[in-house]
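Remarks on the structure that follows.
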Amino acid sequence: MFEKAIRVLEFDKIVMRVMNLAASELGKEMAASLLPERDFSKILNLLKETSDGVSFISRKGSPPLGGVHDIRDSLKRVKVGAVLSPGELLKVADTLRASRNLKSYALDGAAMEDGNAVSELINCLVPHRRIEEKIRLSILSEEEISDNASPALASIRRQVLNLQNSIRDRLNDIIKSTKYQKYMQESIVTIRDGRYVVPVKQEHRSEIPGLVHDSSSSGATIFIEPMAVVEANNEIKQLKIKEQLEIERILRELTADVESILNELMSNIAILAKLDFIFAKARFSLDLNCICPGINDCGFTVIKKGRHPLLDPKTVVPIDFWIGDEFKTLVVTGPNTGGKTVTLKTVGLFTLMTQAGLHIPASEGTQISLYDRIFADIGDEQSIEQSLSTFSSHMKNIVEILENAGHRSLVLFDELGAGTDPTEGAALAMAILENLHEAGAITVATTHYSELKVYALSTKGVENACCEFDVDTLKPTYKLLIGVPGKSNAFAISRRLGLKESVLDKAKEFLTQEDIRFEDLLMNIEKNRSEAEKEKIKAESYRLEIEKIKRALEEEKSKIESNRAKILKEAREEARRILQETKAESESMLARIRQLEKEQEASERNKAAEEVRAALRNKINGIEETLSETLVPRQGLTQPPNNLKPGDDVLIVNLNQKGVVLNPPDKDGETLVQAGIMKINVHISNLRKIQEQRNEIQKTGLGRISVSKSSHISAEIDLRGSTLDDAMESVDKYLDDASIAGLREIMIIHGKGTGVLRNGIHQLLRSNPHVKSFRLGKYGEGEWGVTIAELK
């Protein structure tokens, strides 16, 4: 029930592509017979086979299917007692090797899940390595048997070789001897009829006793077998006969080995053909980025982002399509070359492919309904021989469709009712759709008739759809819009192409008010749909952005939790270490006290005990200081500065580092300060305003210079754009000033560039007495475009 649909929907081209992906003639033969099925469970199994093949290739790579031959005729000959030729035996060995390679392929790498159809088929293969290797060892090519095939064959060939060498030596002696050399036409030894001979001049034939085997075309040369080698040549002839008999015996023996595994070979051939076919379907699926669709038998089809498999994947526009739930008949309108026919063919071809067990190029969530019959009236099938016009040929198809279509039928019409009077054609089209709708068929029809749009709007179970057209560019977008009747764009296109307004106005006068209102309604629907689509796209972009931010926050939270756990772990380990040290120290002190009680007098014991107590207090104080130590301790001035505000220059007392206030102090007295390249939280008790410090610092000598320098020396210097000489001079002076100003860490910005400036600066830093160490910037500091130097 699919024959005509297969031809019209070009399913045969899909079959050809699958055939080309098969590795063997056996697989190609199975692919050539690929047809849609109707049994639900069988289709389910076929789809599972394809999915299992895809899974196998995805996990293990391409299967080793080289060497699979169609040896069925050879096996039939074995069955009736024939002896196989060397070429046939080599093909048998190749097929056995292919079976063995597939077994290894299935065992290597990732394990497959239970129930995998491909894995089960491979497990059924029966390799016979002994027979495979015996054939390979015995036969070198289709024309040559190996010396290793049997000891007897090797012995015969050695004897032949020895005799041949002996004959050549004797004949060489003859042709090179002074007695016979003048009789020779050429000083060579050659072979005629399998016997060694020498070329003798015609006039001296009687001078060389022997047998004549041949002569040259001119008759000037006679090929004579001298009597001295006749016996040896006869022996070679006898050995050649023995050799042939031994080869026939070897071939019979190898054929008998093949006969002993005849049933396993027949089974292997069937399995290898099936595997090649499954892997061809799997490669087709992977090449087109296909998915395995869900299937049902209730007429419900949903195609998500479906791409016609015969169109260029780079340019094909995906379609979204659904039918069979709220409506069973879909009327598609739109301009010519707008994508209506492609939509029809995509729906029909996807259904045929699914029922043949093939994956389809669409997105996950696609559902395909299975049908007993698929009818397609697409294209112009007028026949000159049968005197059929376009309308007549379409109507002939439609008559056949109406007679056979029913429940579980899919019917596809392209330009239903076209080729005749528009009024009658539209009426016929509506009647045909009504008849199919009542019969329970799923129907998709394309048309240009406005009457069918109204019919779809006013009939339950019938829906409109259109192929979108961009009036601004005068080009179709090939997008299918279900639920929106197609608007006639004739006036808009004509206006864009320059038709006079007066002509357009006159044309509008010929339209009825109902036609005008209907077109205005379609225009409003299209406008609202377009705006809703834009809002949907905008909302989707916002949703994706929110999800991105959410993921980033979750990652950050996870990182913080991870760091927190790490810090707590390190703190516990440190506390454990301190506890163990303290315990050991305490035990040592107690042991010393006990020793003192035994050995020393009271006054000396008291003195020693006091020393132990003092050492213990110092140890406890040290532990407390370690535990209470922070990055920026809250110790410093008794009177913190008042009215700190962002932008104030301050000195971080315990770091002796100048900084700038970024945030006002919080309720706990903590404020954020920029100190060089670092931003740190500092308690206000550790801060002093620069102007206050300037009044209290020593006003003479180095102190005055330091205050002066620290008031304007920055914690960074930018050298980008400078030559190497200028940069070296600037850095040298800057290091002096920074050292006097009391800066502990500075940043030198030299840029990434070619690295000449960076290398020169690093050379200077290595030899400068103010520099303690230096490094390239980290992520967030400028990376290798900056150098961070620590001053002494």
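Letters A, B, ... mark the chains of the structure tokens in the order given; residue numbers begin at 1 per chain; ligand numbers begin at 1, in order shown.
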
Query - Within 12 Å of A:Gln639 using only C-alpha atoms, minus same-chain residues under 6 positions, as an MDAnalysis selection string - result: chainID A and resid 684:689 692

Any chance you can output those residues with N, CA, C and O atoms as a PDB file, in the first residue's frame?
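Resulting contents of result.pdb:
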ATOM      1  N   ILE A 684      39.294  50.738  61.477  1.00  0.00           N
ATOM      2  CA  ILE A 684      39.719  52.152  61.486  1.00  0.00           C
ATOM      3  C   ILE A 684      40.788  52.422  62.534  1.00  0.00           C
ATOM      4  O   ILE A 684      41.532  53.398  62.440  1.00  0.00           O
ATOM      5  N   SER A 685      40.920  51.519  63.528  1.00  0.00           N
ATOM      6  CA  SER A 685      41.965  51.722  64.535  1.00  0.00           C
ATOM      7  C   SER A 685      43.357  51.510  63.944  1.00  0.00           C
ATOM      8  O   SER A 685      44.351  51.914  64.548  1.00  0.00           O
ATOM      9  N   ASN A 686      43.439  50.870  62.796  1.00  0.00           N
ATOM     10  CA  ASN A 686      44.721  50.636  62.132  1.00  0.00           C
ATOM     11  C   ASN A 686      44.999  51.688  61.064  1.00  0.00           C
ATOM     12  O   ASN A 686      45.934  51.529  60.287  1.00  0.00           O
ATOM     13  N   LEU A 687      44.158  52.716  60.967  1.00  0.00           N
ATOM     14  CA  LEU A 687      44.308  53.727  59.929  1.00  0.00           C
ATOM     15  C   LEU A 687      44.685  55.076  60.534  1.00  0.00           C
ATOM     16  O   LEU A 687      44.333  55.402  61.670  1.00  0.00           O
ATOM     17  N   ARG A 688      45.388  55.858  59.784  1.00  0.00           N
ATOM     18  CA  ARG A 688      45.672  57.254  60.140  1.00  0.00           C
ATOM     19  C   ARG A 688      45.625  58.070  58.863  1.00  0.00           C
ATOM     20  O   ARG A 688      46.182  57.661  57.845  1.00  0.00           O
ATOM     21  N   LYS A 689      44.937  59.192  58.929  1.00  0.00           N
ATOM     22  CA  LYS A 689      44.889  60.055  57.764  1.00  0.00           C
ATOM     23  C   LYS A 689      46.280  60.577  57.450  1.00  0.00           C
ATOM     24  O   LYS A 689      47.064  60.848  58.348  1.00  0.00           O
ATOM     25  N   GLU A 692      47.356  63.855  59.102  1.00  0.00           N
ATOM     26  CA  GLU A 692      47.658  63.740  60.517  1.00  0.00           C
ATOM     27  C   GLU A 692      49.057  63.181  60.707  1.00  0.00           C
ATOM     28  O   GLU A 692      49.821  63.636  61.537  1.00  0.00           O
TER      29      GLU A 692
END

Would you mind listing, for every residue of stretch 193-288 of chain A within 10 Å of stretch 153-167 of chain A, the two atoms forming the shortest contact and the distance between them in Å to one decimal, using only C-alpha atoms, sorted by chain and ascending residue number, as JSON lines?
{"residue": "A:Arg195", "atom": "CA", "partner": "A:Gln164", "partner_atom": "CA", "distance": 9.7}
{"residue": "A:Tyr196", "atom": "CA", "partner": "A:Ile167", "partner_atom": "CA", "distance": 7.4}
{"residue": "A:Val197", "atom": "CA", "partner": "A:Ile167", "partner_atom": "CA", "distance": 9.5}
{"residue": "A:Ala228", "atom": "CA", "partner": "A:Ile167", "partner_atom": "CA", "distance": 8.8}
{"residue": "A:Val229", "atom": "CA", "partner": "A:Ile167", "partner_atom": "CA", "distance": 6.1}
{"residue": "A:Val230", "atom": "CA", "partner": "A:Ile167", "partner_atom": "CA", "distance": 9.2}
{"residue": "A:Glu231", "atom": "CA", "partner": "A:Ile167", "partner_atom": "CA", "distance": 9.9}
{"residue": "A:Ala232", "atom": "CA", "partner": "A:Leu163", "partner_atom": "CA", "distance": 6.5}
{"residue": "A:Asn233", "atom": "CA", "partner": "A:Ile167", "partner_atom": "CA", "distance": 7.8}
{"residue": "A:Glu235", "atom": "CA", "partner": "A:Leu163", "partner_atom": "CA", "distance": 8.0}
{"residue": "A:Ile236", "atom": "CA", "partner": "A:Val160", "partner_atom": "CA", "distance": 5.7}
{"residue": "A:Lys237", "atom": "CA", "partner": "A:Val160", "partner_atom": "CA", "distance": 8.9}
{"residue": "A:Gln238", "atom": "CA", "partner": "A:Val160", "partner_atom": "CA", "distance": 9.5}
{"residue": "A:Leu239", "atom": "CA", "partner": "A:Ile156", "partner_atom": "CA", "distance": 6.3}
{"residue": "A:Lys240", "atom": "CA", "partner": "A:Val160", "partner_atom": "CA", "distance": 7.7}
{"residue": "A:Ile241", "atom": "CA", "partner": "A:Ile156", "partner_atom": "CA", "distance": 10.0}
{"residue": "A:Lys242", "atom": "CA", "partner": "A:Ile156", "partner_atom": "CA", "distance": 7.4}
{"residue": "A:Glu243", "atom": "CA", "partner": "A:Leu153", "partner_atom": "CA", "distance": 6.2}
{"residue": "A:Gln244", "atom": "CA", "partner": "A:Leu153", "partner_atom": "CA", "distance": 9.1}
{"residue": "A:Leu245", "atom": "CA", "partner": "A:Leu153", "partner_atom": "CA", "distance": 9.5}
{"residue": "A:Glu246", "atom": "CA", "partner": "A:Leu153", "partner_atom": "CA", "distance": 6.3}
{"residue": "A:Ile247", "atom": "CA", "partner": "A:Leu153", "partner_atom": "CA", "distance": 7.5}
{"residue": "A:Ile250", "atom": "CA", "partner": "A:Leu153", "partner_atom": "CA", "distance": 9.2}

Now that the selection is made, can you save its residues with N, CA and C atoms as a PDB file, in the first residue's frame?
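Okay, out.pdb is ready:
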ATOM      1  N   ARG A 195      59.397 -26.726 -21.559  1.00  0.00           N
ATOM      2  CA  ARG A 195      60.689 -27.413 -21.602  1.00  0.00           C
ATOM      3  C   ARG A 195      61.768 -26.408 -21.962  1.00  0.00           C
ATOM      4  N   TYR A 196      62.958 -26.607 -21.374  1.00  0.00           N
ATOM      5  CA  TYR A 196      64.067 -25.684 -21.590  1.00  0.00           C
ATOM      6  C   TYR A 196      64.715 -25.951 -22.945  1.00  0.00           C
ATOM      7  N   VAL A 197      64.920 -24.902 -23.739  1.00  0.00           N
ATOM      8  CA  VAL A 197      65.474 -25.017 -25.094  1.00  0.00           C
ATOM      9  C   VAL A 197      66.503 -23.911 -25.327  1.00  0.00           C
ATOM     10  N   ALA A 228      70.983 -33.819 -24.167  1.00  0.00           N
ATOM     11  CA  ALA A 228      71.604 -33.904 -22.838  1.00  0.00           C
ATOM     12  C   ALA A 228      70.632 -33.536 -21.715  1.00  0.00           C
ATOM     13  N   VAL A 229      69.558 -32.765 -22.032  1.00  0.00           N
ATOM     14  CA  VAL A 229      68.632 -32.323 -20.964  1.00  0.00           C
ATOM     15  C   VAL A 229      67.239 -32.895 -21.156  1.00  0.00           C
ATOM     16  N   VAL A 230      67.047 -33.752 -22.140  1.00  0.00           N
ATOM     17  CA  VAL A 230      65.701 -34.292 -22.388  1.00  0.00           C
ATOM     18  C   VAL A 230      65.195 -35.060 -21.178  1.00  0.00           C
ATOM     19  N   GLU A 231      66.065 -35.915 -20.626  1.00  0.00           N
ATOM     20  CA  GLU A 231      65.647 -36.720 -19.484  1.00  0.00           C
ATOM     21  C   GLU A 231      65.277 -35.838 -18.285  1.00  0.00           C
ATOM     22  N   ALA A 232      66.110 -34.805 -18.054  1.00  0.00           N
ATOM     23  CA  ALA A 232      65.829 -33.887 -16.932  1.00  0.00           C
ATOM     24  C   ALA A 232      64.514 -33.153 -17.147  1.00  0.00           C
ATOM     25  N   ASN A 233      64.247 -32.726 -18.375  1.00  0.00           N
ATOM     26  CA  ASN A 233      62.967 -32.053 -18.677  1.00  0.00           C
ATOM     27  C   ASN A 233      61.794 -33.005 -18.470  1.00  0.00           C
ATOM     28  N   GLU A 235      61.716 -35.399 -16.307  1.00  0.00           N
ATOM     29  CA  GLU A 235      61.528 -35.509 -14.846  1.00  0.00           C
ATOM     30  C   GLU A 235      60.741 -34.310 -14.305  1.00  0.00           C
ATOM     31  N   ILE A 236      61.075 -33.115 -14.803  1.00  0.00           N
ATOM     32  CA  ILE A 236      60.329 -31.916 -14.371  1.00  0.00           C
ATOM     33  C   ILE A 236      58.859 -32.049 -14.737  1.00  0.00           C
ATOM     34  N   LYS A 237      58.589 -32.592 -15.938  1.00  0.00           N
ATOM     35  CA  LYS A 237      57.196 -32.768 -16.361  1.00  0.00           C
ATOM     36  C   LYS A 237      56.462 -33.687 -15.402  1.00  0.00           C
ATOM     37  N   GLN A 238      57.127 -34.777 -14.998  1.00  0.00           N
ATOM     38  CA  GLN A 238      56.512 -35.714 -14.061  1.00  0.00           C
ATOM     39  C   GLN A 238      56.270 -35.059 -12.693  1.00  0.00           C
ATOM     40  N   LEU A 239      57.263 -34.253 -12.255  1.00  0.00           N
ATOM     41  CA  LEU A 239      57.114 -33.557 -10.961  1.00  0.00           C
ATOM     42  C   LEU A 239      55.993 -32.521 -11.010  1.00  0.00           C
ATOM     43  N   LYS A 240      55.813 -31.859 -12.148  1.00  0.00           N
ATOM     44  CA  LYS A 240      54.735 -30.874 -12.284  1.00  0.00           C
ATOM     45  C   LYS A 240      53.366 -31.544 -12.161  1.00  0.00           C
ATOM     46  N   ILE A 241      53.291 -32.764 -12.719  1.00  0.00           N
ATOM     47  CA  ILE A 241      52.031 -33.505 -12.592  1.00  0.00           C
ATOM     48  C   ILE A 241      51.776 -33.850 -11.115  1.00  0.00           C
ATOM     49  N   LYS A 242      52.840 -34.316 -10.438  1.00  0.00           N
ATOM     50  CA  LYS A 242      52.703 -34.611  -8.998  1.00  0.00           C
ATOM     51  C   LYS A 242      52.307 -33.360  -8.214  1.00  0.00           C
ATOM     52  N   GLU A 243      52.925 -32.211  -8.598  1.00  0.00           N
ATOM     53  CA  GLU A 243      52.612 -30.944  -7.914  1.00  0.00           C
ATOM     54  C   GLU A 243      51.129 -30.608  -8.057  1.00  0.00           C
ATOM     55  N   GLN A 244      50.587 -30.758  -9.277  1.00  0.00           N
ATOM     56  CA  GLN A 244      49.178 -30.446  -9.505  1.00  0.00           C
ATOM     57  C   GLN A 244      48.276 -31.375  -8.711  1.00  0.00           C
ATOM     58  N   LEU A 245      48.651 -32.645  -8.654  1.00  0.00           N
ATOM     59  CA  LEU A 245      47.855 -33.604  -7.874  1.00  0.00           C
ATOM     60  C   LEU A 245      47.876 -33.253  -6.389  1.00  0.00           C
ATOM     61  N   GLU A 246      49.048 -32.814  -5.894  1.00  0.00           N
ATOM     62  CA  GLU A 246      49.147 -32.437  -4.483  1.00  0.00           C
ATOM     63  C   GLU A 246      48.326 -31.177  -4.196  1.00  0.00           C
ATOM     64  N   ILE A 247      48.329 -30.216  -5.136  1.00  0.00           N
ATOM     65  CA  ILE A 247      47.521 -28.989  -4.966  1.00  0.00           C
ATOM     66  C   ILE A 247      46.040 -29.344  -4.908  1.00  0.00           C
ATOM     67  N   ILE A 250      45.281 -30.731  -1.569  1.00  0.00           N
ATOM     68  CA  ILE A 250      45.227 -29.660  -0.554  1.00  0.00           C
ATOM     69  C   ILE A 250      43.907 -28.907  -0.645  1.00  0.00           C
TER      70      ILE A 250
END

Query raised in the report: What lies within 9 Å of A:Ile432 using only C-alpha atoms, ignoring chain neighbours under 6 positions off, as a ChimeraX atom specification?
Result: /A:398,402,416

Output file for the residues above (C-alpha atoms, as an mmCIF file, in the first residue's frame):
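And here's part01.cif as it stands now:
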data_model
loop_
_atom_site.group_PDB
_atom_site.id
_atom_site.type_symbol
_atom_site.label_atom_id
_atom_site.label_comp_id
_atom_site.auth_asym_id
_atom_site.auth_seq_id
_atom_site.Cartn_x
_atom_site.Cartn_y
_atom_site.Cartn_z
ATOM 1 C CA ILE A 398 -8.016 11.387 -6.173
ATOM 2 C CA LEU A 402 -11.207 8.233 -2.080
ATOM 3 C CA LEU A 416 -5.857 20.308 -4.385
#

Report summary line: Of A:Ser586, A:Gln355, A:Ser369, A:Ser138, the one sitting nearest A:Gly299 when using only C-alpha atoms is A:Ser369

Requested in this report: Write out as a PyMOL selection string the residues lying within 12 Å of A:Lys281, counting only C-alpha atoms and excluding same-chain residues fewer than 6 positions away.
Outcome: chain A and resi 14-23+27-28+30-31+34+46-55+57+274-275+287-288+290-292+353-354+356-360

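Within the 8 Å cut-off around A:Ser739, using only C-alpha atoms and omitting residues fewer than 5 positions from it on the same chain, the listed residues are Arg744, His770, Leu791 and Lys792 of chain A.
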
Let me see the file: selected residues, all heavy atoms, as a compact mmCIF listing (two decimals), in the first residue's frame.
# COMPACT_ATOMS: atom_id res chain seq x y z
N ARG A 744 55.86 48.57 49.71
CA ARG A 744 56.33 47.20 49.84
C ARG A 744 56.09 46.37 48.57
O ARG A 744 56.75 45.39 48.33
CB ARG A 744 55.63 46.51 51.02
CG ARG A 744 56.09 47.06 52.37
CD ARG A 744 57.54 46.64 52.66
NE ARG A 744 58.04 47.23 53.88
CZ ARG A 744 58.75 48.35 53.96
NH1 ARG A 744 59.02 48.99 52.83
NH2 ARG A 744 59.16 48.83 55.09
N HIS A 770 66.95 47.35 45.64
CA HIS A 770 65.68 47.57 46.36
C HIS A 770 64.72 46.39 46.21
O HIS A 770 63.76 46.30 46.97
CB HIS A 770 64.99 48.83 45.83
CG HIS A 770 65.82 50.09 45.99
ND1 HIS A 770 66.34 50.50 47.20
CD2 HIS A 770 66.21 51.00 45.07
CE1 HIS A 770 67.02 51.63 47.04
NE2 HIS A 770 66.96 51.96 45.74
N LEU A 791 59.40 44.89 47.33
CA LEU A 791 60.59 45.67 47.69
C LEU A 791 61.05 45.29 49.10
O LEU A 791 60.28 44.82 49.93
CB LEU A 791 60.27 47.16 47.62
CG LEU A 791 59.76 47.67 46.26
CD1 LEU A 791 59.56 49.17 46.30
CD2 LEU A 791 60.71 47.30 45.14
N LYS A 792 62.34 45.53 49.35
CA LYS A 792 62.93 45.20 50.66
C LYS A 792 62.49 46.21 51.71
O LYS A 792 62.13 47.34 51.40
CB LYS A 792 64.46 45.18 50.56
CG LYS A 792 64.97 44.09 49.62
CD LYS A 792 66.47 44.15 49.49
CE LYS A 792 67.00 43.08 48.53
NZ LYS A 792 68.44 43.16 48.32

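Note that atom CA of A:Asn289 and atom CA of A:Gly365 are 14.5 Å apart.
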
Requested in this report: Could you please write out, as a ChimeraX atom specification, every residue of stretch 76-163 of chain A that DSSP assigns to strand (DSSP E)?
Outcome: /A:139-141,144-145

Once you have the residues from the selection above, write them out as a PDB file, in the first residue's frame, restricted to N, CA and C atoms.
ATOM      1  N   ILE A 139      47.313 -20.748   1.021  1.00  0.00           N
ATOM      2  CA  ILE A 139      47.025 -20.071  -0.256  1.00  0.00           C
ATOM      3  C   ILE A 139      47.579 -18.643  -0.209  1.00  0.00           C
ATOM      4  N   LEU A 140      48.443 -18.334  -1.193  1.00  0.00           N
ATOM      5  CA  LEU A 140      49.028 -16.991  -1.254  1.00  0.00           C
ATOM      6  C   LEU A 140      48.151 -16.029  -2.046  1.00  0.00           C
ATOM      7  N   SER A 141      47.540 -16.498  -3.099  1.00  0.00           N
ATOM      8  CA  SER A 141      46.667 -15.660  -3.924  1.00  0.00           C
ATOM      9  C   SER A 141      45.715 -16.571  -4.673  1.00  0.00           C
ATOM     10  N   GLU A 144      48.035 -18.907  -6.698  1.00  0.00           N
ATOM     11  CA  GLU A 144      49.251 -19.524  -6.158  1.00  0.00           C
ATOM     12  C   GLU A 144      49.001 -20.184  -4.811  1.00  0.00           C
ATOM     13  N   ILE A 145      49.464 -21.438  -4.703  1.00  0.00           N
ATOM     14  CA  ILE A 145      49.409 -22.190  -3.451  1.00  0.00           C
ATOM     15  C   ILE A 145      50.779 -22.085  -2.782  1.00  0.00           C
TER      16      ILE A 145
END

Requested in this report: Tell me which protein, DNA and RNA residues are within 9 Å of A:Leu330, counting only C-alpha atoms, leaving out same-chain ones fewer than 3 positions away, and put them as a PyMOL selection string.
Outcome: chain A and resi 323+327+442-446+456+461-465+482

Could you take the residues named above and write them with N, CA, C and O atoms, as a PDB file, in the first residue's frame?
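The result, written out as out.pdb:
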ATOM      1  N   ILE A 323      -0.283  17.273  13.909  1.00  0.00           N
ATOM      2  CA  ILE A 323      -1.621  16.942  13.400  1.00  0.00           C
ATOM      3  C   ILE A 323      -2.113  15.714  14.142  1.00  0.00           C
ATOM      4  O   ILE A 323      -1.311  14.934  14.673  1.00  0.00           O
ATOM      5  N   PHE A 327      -7.054  18.482  15.467  1.00  0.00           N
ATOM      6  CA  PHE A 327      -7.527  18.491  14.081  1.00  0.00           C
ATOM      7  C   PHE A 327      -6.871  17.351  13.323  1.00  0.00           C
ATOM      8  O   PHE A 327      -5.760  16.949  13.625  1.00  0.00           O
ATOM      9  N   ILE A 442      -6.096  10.999   8.031  1.00  0.00           N
ATOM     10  CA  ILE A 442      -5.288  12.181   8.336  1.00  0.00           C
ATOM     11  C   ILE A 442      -4.901  12.809   7.000  1.00  0.00           C
ATOM     12  O   ILE A 442      -4.289  12.138   6.146  1.00  0.00           O
ATOM     13  N   THR A 443      -5.276  14.073   6.796  1.00  0.00           N
ATOM     14  CA  THR A 443      -5.107  14.702   5.484  1.00  0.00           C
ATOM     15  C   THR A 443      -4.353  16.017   5.609  1.00  0.00           C
ATOM     16  O   THR A 443      -4.636  16.826   6.500  1.00  0.00           O
ATOM     17  N   VAL A 444      -3.377  16.212   4.712  1.00  0.00           N
ATOM     18  CA  VAL A 444      -2.669  17.493   4.595  1.00  0.00           C
ATOM     19  C   VAL A 444      -2.764  17.910   3.137  1.00  0.00           C
ATOM     20  O   VAL A 444      -2.393  17.143   2.238  1.00  0.00           O
ATOM     21  N   ALA A 445      -3.287  19.119   2.901  1.00  0.00           N
ATOM     22  CA  ALA A 445      -3.478  19.595   1.534  1.00  0.00           C
ATOM     23  C   ALA A 445      -2.950  21.010   1.395  1.00  0.00           C
ATOM     24  O   ALA A 445      -3.117  21.844   2.297  1.00  0.00           O
ATOM     25  N   THR A 446      -2.301  21.294   0.261  1.00  0.00           N
ATOM     26  CA  THR A 446      -1.873  22.670  -0.039  1.00  0.00           C
ATOM     27  C   THR A 446      -2.815  23.245  -1.091  1.00  0.00           C
ATOM     28  O   THR A 446      -3.353  22.514  -1.932  1.00  0.00           O
ATOM     29  N   ALA A 456     -11.639  25.890   6.453  1.00  0.00           N
ATOM     30  CA  ALA A 456     -10.847  25.420   7.596  1.00  0.00           C
ATOM     31  C   ALA A 456     -11.206  26.193   8.855  1.00  0.00           C
ATOM     32  O   ALA A 456     -11.222  25.635   9.958  1.00  0.00           O
ATOM     33  N   GLY A 461     -12.262  20.263  13.448  1.00  0.00           N
ATOM     34  CA  GLY A 461     -11.329  19.207  13.063  1.00  0.00           C
ATOM     35  C   GLY A 461     -10.487  19.538  11.859  1.00  0.00           C
ATOM     36  O   GLY A 461      -9.701  18.712  11.399  1.00  0.00           O
ATOM     37  N   VAL A 462     -10.657  20.752  11.318  1.00  0.00           N
ATOM     38  CA  VAL A 462      -9.871  21.214  10.169  1.00  0.00           C
ATOM     39  C   VAL A 462      -9.134  22.474  10.590  1.00  0.00           C
ATOM     40  O   VAL A 462      -9.711  23.357  11.239  1.00  0.00           O
ATOM     41  N   GLU A 463      -7.861  22.583  10.247  1.00  0.00           N
ATOM     42  CA  GLU A 463      -7.046  23.729  10.678  1.00  0.00           C
ATOM     43  C   GLU A 463      -6.316  24.337   9.491  1.00  0.00           C
ATOM     44  O   GLU A 463      -6.005  23.672   8.503  1.00  0.00           O
ATOM     45  N   ASN A 464      -6.080  25.656   9.605  1.00  0.00           N
ATOM     46  CA  ASN A 464      -5.298  26.382   8.600  1.00  0.00           C
ATOM     47  C   ASN A 464      -3.814  26.358   8.954  1.00  0.00           C
ATOM     48  O   ASN A 464      -3.435  26.248  10.123  1.00  0.00           O
ATOM     49  N   ALA A 465      -2.995  26.516   7.943  1.00  0.00           N
ATOM     50  CA  ALA A 465      -1.553  26.711   8.130  1.00  0.00           C
ATOM     51  C   ALA A 465      -1.052  27.491   6.926  1.00  0.00           C
ATOM     52  O   ALA A 465      -1.717  27.542   5.880  1.00  0.00           O
ATOM     53  N   ILE A 482       1.314  26.936  11.785  1.00  0.00           N
ATOM     54  CA  ILE A 482       0.038  26.233  11.933  1.00  0.00           C
ATOM     55  C   ILE A 482      -0.902  27.080  12.786  1.00  0.00           C
ATOM     56  O   ILE A 482      -0.510  27.653  13.806  1.00  0.00           O
TER      57      ILE A 482
END

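Interatomic distance, atom CA of A:Leu44 to atom CA of A:Gly294: 9.2 Å.
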
Report task. Select, from A:Lys304, A:Asn296, A:Val331, A:Val8, the residue with the minimum atom-to-atom distance to A:Gly379, counting only C-alpha atoms. Result -> A:Val8

Query raised in the report: Can you tell me, as a ChimeraX atom specification, what residues are no more than 6 Å from stretch 712-727 of chain A when counting only C-alpha atoms, ignoring any on the same chain fewer than 6 positions away?
Result: /A:676,746-751,757

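Using only C-alpha atoms, the shortest contact distance between A:Ser62 and any of A:Glu531, A:Asp257, A:Glu570, A:Asp276 is found at A:Asp276.
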